[in-house]
$ cat model-v1.txt   # compact mmCIF, C-alpha atoms
# COMPACT_ATOMS: atom_id res chain seq x y z
CA MET A 103 26.39 10.96 -52.35
CA ALA A 104 25.03 9.77 -49.02
CA GLU A 105 27.32 10.08 -46.04
CA ILE A 106 28.35 6.73 -44.59
CA LEU A 107 28.25 6.81 -40.81
CA THR A 108 30.60 4.84 -38.62
CA LYS A 109 29.24 2.49 -35.96
CA LYS A 110 30.17 5.06 -33.30
CA GLN A 111 28.29 7.81 -35.18
CA ARG A 112 25.22 5.61 -35.60
CA THR A 113 25.27 4.73 -31.88
CA HIS A 114 25.63 8.41 -30.99
CA GLN A 115 22.67 9.32 -33.22
CA ARG A 116 20.51 6.56 -31.73
CA MET A 117 21.34 7.78 -28.22
CA LEU A 118 20.71 11.42 -29.16
CA ASP A 119 17.34 10.46 -30.69
CA ALA A 120 16.45 8.44 -27.58
CA ALA A 121 17.52 11.27 -25.27
CA SER A 122 15.55 13.86 -27.27
CA GLN A 123 12.39 11.76 -27.33
CA SER A 124 12.72 10.78 -23.67
CA PHE A 125 13.30 14.31 -22.40
CA ARG A 126 10.43 15.65 -24.54
CA SER A 127 7.95 12.99 -23.44
CA LYS A 128 8.99 12.37 -19.82
CA GLY A 129 10.84 15.53 -18.80
CA TYR A 130 14.33 15.74 -17.36
CA ALA A 131 13.38 14.20 -14.02
CA GLY A 132 11.20 11.52 -15.63
CA ILE A 133 13.99 9.59 -17.35
CA GLY A 134 17.40 8.39 -16.24
CA VAL A 135 20.59 7.46 -18.01
CA ASP A 136 19.73 3.75 -17.94
CA GLY A 137 16.33 4.41 -19.53
CA ILE A 138 17.81 6.52 -22.32
CA ALA A 139 20.55 3.96 -22.99
CA LYS A 140 18.00 1.14 -23.07
CA ALA A 141 15.75 3.08 -25.48
CA ALA A 142 18.78 3.53 -27.74
CA GLY A 143 19.76 -0.14 -27.55
CA ALA A 144 23.05 0.83 -25.91
CA THR A 145 24.71 0.40 -22.54
CA SER A 146 24.92 3.01 -19.82
CA GLY A 147 28.69 2.94 -20.28
CA ALA A 148 28.27 3.87 -23.95
CA PHE A 149 25.93 6.68 -22.91
CA TYR A 150 28.58 8.17 -20.63
CA ALA A 151 31.24 7.74 -23.30
CA HIS A 152 29.15 9.80 -25.73
CA PHE A 153 27.59 12.45 -23.46
CA GLY A 154 29.56 12.42 -20.22
CA SER A 155 26.44 12.93 -18.10
CA LYS A 156 22.68 13.24 -18.17
CA ASP A 157 23.16 17.02 -18.34
CA GLY A 158 25.40 16.55 -21.38
CA ALA A 159 22.67 14.54 -23.10
CA PHE A 160 20.05 17.16 -22.22
CA ASP A 161 22.28 19.90 -23.65
CA ALA A 162 22.67 17.96 -26.89
CA ALA A 163 18.93 17.19 -27.06
CA LEU A 164 18.06 20.85 -26.48
CA LYS A 165 20.42 22.07 -29.18
CA THR A 166 19.17 19.45 -31.63
CA GLY A 167 15.52 20.22 -30.91
CA LEU A 168 15.87 23.97 -31.31
CA HIS A 169 17.99 23.50 -34.42
CA GLU A 170 15.06 21.60 -35.96
CA VAL A 171 12.96 24.76 -35.59
CA ILE A 172 15.78 26.92 -36.97
CA GLU A 173 15.88 24.71 -40.06
CA GLY A 174 12.10 24.43 -40.30
CA ILE A 175 11.10 28.10 -40.41
CA PRO A 176 12.90 28.89 -43.70
CA LEU A 177 11.37 25.72 -45.19
CA TYR A 178 7.87 26.87 -44.20
CA ARG A 179 8.54 30.28 -45.74
CA GLN A 180 9.84 28.70 -48.95
CA LYS A 181 7.04 26.15 -49.27
CA HIS A 182 4.07 28.31 -48.24
CA GLY A 183 5.09 31.83 -49.30
CA GLN A 184 2.85 34.51 -47.81
CA ASP A 185 0.74 31.82 -46.14
CA TRP A 186 3.67 30.48 -44.13
CA VAL A 187 2.54 31.87 -40.74
CA ASN A 188 -0.92 30.32 -41.16
CA ALA A 189 0.61 26.97 -42.20
CA PHE A 190 3.14 26.99 -39.36
CA ALA A 191 0.53 27.89 -36.72
CA ALA A 192 -1.91 25.24 -38.04
CA TYR A 193 0.81 22.57 -37.91
CA TYR A 194 2.11 23.67 -34.52
CA LEU A 195 -1.29 23.51 -32.84
CA GLY A 196 -2.66 20.65 -34.93
CA GLN A 197 -3.92 17.48 -33.28
CA ALA A 198 -1.02 15.37 -34.52
CA HIS A 199 1.51 17.72 -32.90
CA GLN A 200 -0.58 17.98 -29.74
CA LYS A 201 -0.42 14.21 -29.27
CA ASP A 202 3.23 13.66 -30.18
CA LEU A 203 5.24 14.62 -27.12
CA ALA A 204 8.25 12.46 -27.96
CA CYS A 205 8.75 13.92 -31.44
CA GLY A 206 7.03 17.25 -30.83
CA CYS A 207 8.69 20.64 -30.78
CA ALA A 208 11.43 21.19 -28.23
CA MET A 209 10.32 24.80 -27.72
CA THR A 210 7.19 23.58 -25.95
CA THR A 211 8.40 20.42 -24.26
CA LEU A 212 11.80 21.62 -23.06
CA SER A 213 11.14 25.28 -22.17
CA PRO A 214 9.79 24.41 -18.70
CA GLU A 215 12.90 22.31 -18.06
CA ILE A 216 15.15 25.28 -18.87
CA ALA A 217 13.50 27.34 -16.15
CA ARG A 218 15.16 24.96 -13.64
CA ALA A 219 18.41 24.43 -15.54
CA SER A 220 21.93 25.78 -15.21
CA ALA A 221 23.02 29.23 -16.34
CA GLU A 222 24.88 27.59 -19.24
CA LEU A 223 21.71 25.93 -20.54
CA HIS A 224 19.80 29.18 -20.09
CA ALA A 225 22.39 30.86 -22.32
CA VAL A 226 22.17 28.12 -24.98
CA TYR A 227 18.37 28.31 -24.95
CA GLU A 228 18.33 32.09 -25.14
CA ASP A 229 20.77 32.16 -28.06
CA LYS A 230 18.79 29.58 -30.06
CA MET A 231 15.43 31.22 -29.28
CA GLN A 232 16.79 34.60 -30.43
CA ILE A 233 17.73 32.98 -33.74
CA ILE A 234 14.24 31.48 -34.02
CA ALA A 235 12.52 34.80 -33.23
CA GLY A 236 14.83 36.54 -35.71
CA LEU A 237 13.93 34.07 -38.47
CA ILE A 238 10.24 34.65 -37.80
CA ALA A 239 10.74 38.43 -37.77
CA ASP A 240 12.56 38.18 -41.12
CA GLY A 241 9.41 36.58 -42.55
CA LEU A 242 7.17 39.43 -41.40
CA ALA A 243 6.45 42.76 -43.08
CA ASN A 244 5.80 46.30 -41.88
CA GLY A 245 7.35 48.06 -38.94
CA SER A 246 10.92 48.35 -37.74
CA LYS A 247 13.11 45.33 -37.11
CA ASP A 248 12.44 45.67 -33.37
CA GLU A 249 8.68 45.85 -33.97
CA ARG A 250 8.77 42.74 -36.16
CA LEU A 251 10.88 40.98 -33.53
CA GLY A 252 8.31 41.88 -30.88
CA ARG A 253 5.56 40.42 -33.06
CA ALA A 254 7.67 37.27 -33.54
CA TRP A 255 7.99 36.82 -29.77
CA ALA A 256 4.24 37.34 -29.37
CA MET A 257 3.60 34.71 -32.06
CA LEU A 258 5.94 32.27 -30.33
CA GLY A 259 4.26 32.92 -26.99
CA ALA A 260 0.84 32.14 -28.47
CA LEU A 261 2.10 28.95 -30.13
CA ILE A 262 4.11 27.58 -27.21
CA GLY A 263 1.54 28.58 -24.59
CA GLY A 264 -1.36 27.32 -26.69
CA LEU A 265 0.26 23.95 -27.30
CA THR A 266 1.12 23.59 -23.60
CA LEU A 267 -2.49 24.29 -22.59
CA ALA A 268 -3.99 22.09 -25.30
CA ARG A 269 -1.81 19.18 -24.17
CA ALA A 270 -2.62 19.73 -20.50
CA VAL A 271 -6.41 19.52 -20.68
CA GLN A 272 -8.27 16.23 -20.79
CA SER A 273 -11.23 17.25 -22.93
CA PRO A 274 -10.60 17.00 -26.70
CA ASP A 275 -13.18 19.73 -27.28
CA MET A 276 -11.42 22.07 -24.88
CA ALA A 277 -8.03 21.24 -26.43
CA ASN A 278 -9.46 22.07 -29.86
CA THR A 279 -10.90 25.38 -28.61
CA ILE A 280 -7.55 26.31 -27.08
CA ALA A 281 -5.69 25.32 -30.24
CA GLN A 282 -7.98 27.22 -32.60
CA SER A 283 -7.93 30.33 -30.40
CA SER A 284 -4.14 30.17 -30.13
CA ILE A 285 -3.77 29.78 -33.90
CA ARG A 286 -5.81 32.96 -34.44
CA THR A 287 -3.84 34.77 -31.73
CA ALA A 288 -0.49 33.71 -33.25
CA ILE A 289 -1.56 34.81 -36.75
CA ASP A 290 -2.87 38.13 -35.42
CA ALA A 291 0.32 38.67 -33.42
CA ALA A 292 2.49 38.04 -36.48
CA GLY A 293 0.58 40.59 -38.54
CA ALA A 294 1.66 41.30 -42.08
CA VAL A 295 3.84 38.68 -43.74
CA ALA A 296 6.79 39.46 -46.03
CA SER A 297 6.39 38.63 -49.71

$ encode --input "model-v1.txt" --output "structure tokens"
Amino acid sequence: MAEILTKKQRTHQRMLDAASQSFRSKGYAGIGVDGIAKAAGATSGAFYAHFGSKDGAFDAALKTGLHEVIEGIPLYRQKHGQDWVNAFAAYYLGQAHQKDLACGCAMTTLSPEIARASAELHAVYEDKMQIIAGLIADGLANGSKDERLGRAWAMLGALIGGLTLARAVQSPDMANTIAQSSIRTAIDAAGAVAS
């Protein structure tokens, strides 16, 4: 049975979606409370009632974005079996994902923002990223848990760095070269995949 949301819950979700998309596409400094509220079809007062501050909205958007990855990795493993790393890398560096900043992965769009954020947000980010790396490591074969975890971090570095570079260049041909090279690097870094 579908959950029926209250008006307050629907408003909160609209504002969270607007905050997530705004922070991913414009960066923390590139959007204000009024802009997020307007994108959500809400007032600035409602924004403050739900999040307390711009930092509160960023915290919620970060957690939501990283949780999407936490939910997505097991789905890729289930759907693609031993080909899950290839499928995940191809999606992550695919042209559709390269062009979709607003709905793209929070790992790429929000990581640079965390470098300038509070210690509390650093801790949230680190905890969520450790979960993500652990889920990737669980989907890899051969080597100790620490070795698989190291390969997972290398895979993430290739994906996040590759997507950042592909988005930053103007030439579509160069973006494609970066993406294809980064896909190969991510797959090589992951190594053997668990059955």

$ residues_near_point --input "model-v1.txt" --point "(-5.9, 21.7, -23.1)" --cutoff "12 Å" --atoms "all atoms listed in the file" --output "tab-separated table (two decimals) with C-alpha atoms, in the frame of the given file"
chain	number	residue	atom	x	y	z
A	195	LEU	CA	-1.29	23.51	-32.84
A	197	GLN	CA	-3.92	17.48	-33.28
A	200	GLN	CA	-0.58	17.98	-29.74
A	201	LYS	CA	-0.42	14.21	-29.27
A	263	GLY	CA	1.54	28.58	-24.59
A	264	GLY	CA	-1.36	27.32	-26.69
A	265	LEU	CA	0.26	23.95	-27.30
A	266	THR	CA	1.12	23.59	-23.60
A	267	LEU	CA	-2.49	24.29	-22.59
A	268	ALA	CA	-3.99	22.09	-25.30
A	269	ARG	CA	-1.81	19.18	-24.17
A	270	ALA	CA	-2.62	19.73	-20.50
A	271	VAL	CA	-6.41	19.52	-20.68
A	272	GLN	CA	-8.27	16.23	-20.79
A	273	SER	CA	-11.23	17.25	-22.93
A	274	PRO	CA	-10.60	17.00	-26.70
A	275	ASP	CA	-13.18	19.73	-27.28
A	276	MET	CA	-11.42	22.07	-24.88
A	277	ALA	CA	-8.03	21.24	-26.43
A	278	ASN	CA	-9.46	22.07	-29.86
A	279	THR	CA	-10.90	25.38	-28.61
A	280	ILE	CA	-7.55	26.31	-27.08
A	281	ALA	CA	-5.69	25.32	-30.24
A	282	GLN	CA	-7.98	27.22	-32.60
A	283	SER	CA	-7.93	30.33	-30.40
A	284	SER	CA	-4.14	30.17	-30.13

$ atom_distance --input "model-v1.txt" --atom1 "CA of Val135 in chain A" --atom2 "CA of Phe149 in chain A"
7.3 Å

$ atom_distance --input "model-v1.txt" --atom1 "CA of Arg112 in chain A" --atom2 "CA of Asp157 in chain A"
20.8 Å

$ atom_distance --input "model-v1.txt" --atom1 "CA of Gly183 in chain A" --atom2 "CA of Leu242 in chain A"
11.2 Å

$ residues_near_point --input "model-v1.txt" --point "(3.6, 43.0, -35.8)" --cutoff "12 Å" --atoms "all atoms listed in the file" --output "ChimeraX atom specification"
/A:238-257,287-296

$ write_last_selection --input "model-v1.txt" --atoms "C-alpha atoms" --output "PDB file, in the coordinates of the input"
ATOM      1  CA  ILE A 238      10.240  34.650 -37.800  1.00  0.00           C
ATOM      2  CA  ALA A 239      10.740  38.430 -37.770  1.00  0.00           C
ATOM      3  CA  ASP A 240      12.560  38.180 -41.120  1.00  0.00           C
ATOM      4  CA  GLY A 241       9.410  36.580 -42.550  1.00  0.00           C
ATOM      5  CA  LEU A 242       7.170  39.430 -41.400  1.00  0.00           C
ATOM      6  CA  ALA A 243       6.450  42.760 -43.080  1.00  0.00           C
ATOM      7  CA  ASN A 244       5.800  46.300 -41.880  1.00  0.00           C
ATOM      8  CA  GLY A 245       7.350  48.060 -38.940  1.00  0.00           C
ATOM      9  CA  SER A 246      10.920  48.350 -37.740  1.00  0.00           C
ATOM     10  CA  LYS A 247      13.110  45.330 -37.110  1.00  0.00           C
ATOM     11  CA  ASP A 248      12.440  45.670 -33.370  1.00  0.00           C
ATOM     12  CA  GLU A 249       8.680  45.850 -33.970  1.00  0.00           C
ATOM     13  CA  ARG A 250       8.770  42.740 -36.160  1.00  0.00           C
ATOM     14  CA  LEU A 251      10.880  40.980 -33.530  1.00  0.00           C
ATOM     15  CA  GLY A 252       8.310  41.880 -30.880  1.00  0.00           C
ATOM     16  CA  ARG A 253       5.560  40.420 -33.060  1.00  0.00           C
ATOM     17  CA  ALA A 254       7.670  37.270 -33.540  1.00  0.00           C
ATOM     18  CA  TRP A 255       7.990  36.820 -29.770  1.00  0.00           C
ATOM     19  CA  ALA A 256       4.240  37.340 -29.370  1.00  0.00           C
ATOM     20  CA  MET A 257       3.600  34.710 -32.060  1.00  0.00           C
ATOM     21  CA  THR A 287      -3.840  34.770 -31.730  1.00  0.00           C
ATOM     22  CA  ALA A 288      -0.490  33.710 -33.250  1.00  0.00           C
ATOM     23  CA  ILE A 289      -1.560  34.810 -36.750  1.00  0.00           C
ATOM     24  CA  ASP A 290      -2.870  38.130 -35.420  1.00  0.00           C
ATOM     25  CA  ALA A 291       0.320  38.670 -33.420  1.00  0.00           C
ATOM     26  CA  ALA A 292       2.490  38.040 -36.480  1.00  0.00           C
ATOM     27  CA  GLY A 293       0.580  40.590 -38.540  1.00  0.00           C
ATOM     28  CA  ALA A 294       1.660  41.300 -42.080  1.00  0.00           C
ATOM     29  CA  VAL A 295       3.840  38.680 -43.740  1.00  0.00           C
ATOM     30  CA  ALA A 296       6.790  39.460 -46.030  1.00  0.00           C
TER      31      ALA A 296
END

$ closest_residue --input "model-v1.txt" --among "A:Ala142, A:Ile234, A:Ala204, A:Ile262" --to "Gly174 in chain A" --atoms "only C-alpha atoms"
A:Ile234

$ closest_atom_pairs --input "model-v1.txt" --of "range 143-232 of chain A" --to "range 118-132 of chain A" --cutoff "6 Å" --atoms "only C-alpha atoms" --output "Markdown table"
| residue | atom | partner | partner_atom | distance |
| --- | --- | --- | --- | --- |
| A:Ala163 | CA | A:Ser122 | CA | 4.7 |
| A:Leu203 | CA | A:Ser127 | CA | 4.9 |
| A:Ala204 | CA | A:Gln123 | CA | 4.2 |
| A:Cys205 | CA | A:Gln123 | CA | 5.9 |
| A:Thr211 | CA | A:Arg126 | CA | 5.2 |

$ closest_atom_pairs --input "model-v1.txt" --of "range 131-178 of chain A" --to "range 212-231 of chain A" --cutoff "9 Å" --atoms "all atoms listed in the file" --output "JSON lines"
{"residue": "A:Asp161", "atom": "CA", "partner": "A:Leu223", "partner_atom": "CA", "distance": 6.8}
{"residue": "A:Leu164", "atom": "CA", "partner": "A:Leu212", "partner_atom": "CA", "distance": 7.2}
{"residue": "A:Lys165", "atom": "CA", "partner": "A:Val226", "partner_atom": "CA", "distance": 7.6}
{"residue": "A:Gly167", "atom": "CA", "partner": "A:Leu212", "partner_atom": "CA", "distance": 8.8}
{"residue": "A:Leu168", "atom": "CA", "partner": "A:Lys230", "partner_atom": "CA", "distance": 6.4}
{"residue": "A:His169", "atom": "CA", "partner": "A:Lys230", "partner_atom": "CA", "distance": 7.5}
{"residue": "A:Ile172", "atom": "CA", "partner": "A:Lys230", "partner_atom": "CA", "distance": 8.0}

$ closest_residue --input "model-v1.txt" --among "A:Ala151, A:Leu237, A:Leu261, A:Ala159" --to "His199 in chain A" --atoms "all atoms listed in the file"
A:Leu261

$ axis_aligned_box --input "model-v1.txt" --around "range 249-263 of chain A" --padding-each-side "3 Å" --output "AutoDock Vina command-line options"
--center_x 5.9 --center_y 36.7 --center_z -30.4 --size_x 16.0 --size_y 24.3 --size_z 17.6

$ residues_around --input "model-v1.txt" --residues "Asp136 in chain A" --least-positions-apart "4" --cutoff "10 Å" --atoms "all atoms listed in the file" --output "list in words"
Lys140, Ala141, Ala142, Ala144, Thr145, Ser146, Gly147, Phe149 and Lys156 of chain A
